[in-house]
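Just below is one structure, and these are the notes that go with it.
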Amino acid sequence: MMEDHQPDRVSNEPTKERSHSKPNFMENIDRVSSRVCAAFPIGFIVGASYGTLSGSAILPSSFASAASCSMLATACFGSERFFNAIMPRPLPWFEGKEDLVSHALGGTLGGSVVGWLYRGRPLSGALLFTPLMIGIAFAERGLKKKRLDRIEYLISQIEK
């Protein structure tokens with residue numbers, strides 16, 4: 001005889017912040033791969049636009065730009081995840097802002113690698129991609145806050 005299984009109620013205890021626990025290896029790989037998979041179509045569209053406007057072949061421009069964006073995302077987000085994994089929790093001066101620090105360091109290292117590969121100037125890549133990665137960290141924080149607010153709202157609606 002099957003028992004009627006009721007899902008557990010959500011407790012009112014404060015939840016542990018995810019930012020204070022270190023993600024495992026597969027979570028890091030999944031996070032990097034999702035960002036690289038998002039960078040490829042963006043690069044493809046940018047390359048198609050460039051090919052159309054410059055009068056060059058559209059398909060080669062699209063694939064070259066998509067490959068460049070994918071390599072860039074791998075360098076920056078891979079570095080960000082590396083720094084996130086080795087960073088002590090909590091950081092003494094940046095408690096609660098570990099994601100911003102790891103994005104800044106990832107943008108610096110990843111941007112340096114990309115700047116060295118493409119232009120032979122690591123500093124120019126670091127100066128370009130560090131603020132970009134910090135902006136991405138702020139966007140991710142905002143999306144995470146919206147998601148958590150929505151979950152809290154749905155839980156409050158279920159409890160009514």
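Convention: chains lettered A, B, ... in structure tokens order; per-chain residue numbering from 1; ligands numbered from 1 as shown.
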Show which residues sit within 6 Å of A:Ala66, as an MDAnalysis selection string. Count only C-alpha atoms, and ignore same-chain residues fewer than 3 positions away. chainID A and resid 40 43:44 63 69
If I take atom CA of A:Ala73 and atom CA of A:Lys145, how far is one from the other in Å, to one decimal?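 Distance reported for this atom pair: 23.6 Å.
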DSSP on the backbone, alpha helix (DSSP H) only: what residues of chain A does that give? Format it as a PyMOL selection string. chain A and resi 25-54+58-86+98-118+122-159
The residue from A:Leu91, A:Ile42, A:Cys76, A:Ile29 with the smallest atom-to-atom distance to A:Val114, counting only C-alpha atoms, is A:Cys76
Selection near stretch 101-103 of chain A, 10 Å with only C-alpha atoms, sequence-local residues under 2 positions removed, as a ChimeraX atom specification: /A:76-77,79-87,91,94,96-99,105-110,129-138
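Of the residues under consideration (A:Leu143, A:Leu53, A:Cys37, A:Ile45), A:Cys37 shows the shortest atom-to-atom contact distance to A:Leu72 when counting only C-alpha atoms.
The spacing separating atom CA of A:Glu159 from atom CA of A:Lys144 amounts to 22.5 Å.
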What gap, in Å, lies between atom CA of A:Ser112 and atom CA of A:Leu100?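 Atom-to-atom, atom CA of A:Ser112 and atom CA of A:Leu100 are spaced 17.9 Å apart.
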Show which residues sit within 8 Å of A:Ser124, as a list in words. Count only C-alpha atoms, and ignore same-chain residues fewer than 4 positions away. Gly111, Ser112, Gly115 and Leu128 of chain A
Surrounding residues of A:Ala57 excluding itself and chain neighbours under 5 positions, 10 Å, only C-alpha atoms, as a VMD selection string: chain A and resid 47 to 48 50 to 52 62
Please dump the current selection as a short mmCIF file (atom, residue, chain, number, x, y, z; two decimals), in the first residue's frame; keep N, CA and C atoms.
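Dumped to result.cif:
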data_model
loop_
_atom_site.label_atom_id
_atom_site.label_comp_id
_atom_site.auth_asym_id
_atom_site.auth_seq_id
_atom_site.Cartn_x
_atom_site.Cartn_y
_atom_site.Cartn_z
N GLY A 47 28.91 38.89 -34.75
CA GLY A 47 29.70 38.61 -35.95
C GLY A 47 28.87 38.72 -37.22
N ALA A 48 27.61 38.27 -37.16
CA ALA A 48 26.73 38.41 -38.33
C ALA A 48 26.45 39.88 -38.62
N TYR A 50 28.43 42.40 -37.84
CA TYR A 50 29.67 42.97 -38.36
C TYR A 50 29.87 42.58 -39.82
N GLY A 51 29.64 41.31 -40.14
CA GLY A 51 29.80 40.85 -41.52
C GLY A 51 28.83 41.55 -42.46
N THR A 52 27.62 41.78 -41.99
CA THR A 52 26.63 42.46 -42.83
C THR A 52 27.01 43.92 -43.07
N SER A 62 30.68 35.43 -38.42
CA SER A 62 29.85 34.99 -37.30
C SER A 62 30.56 33.94 -36.47
#
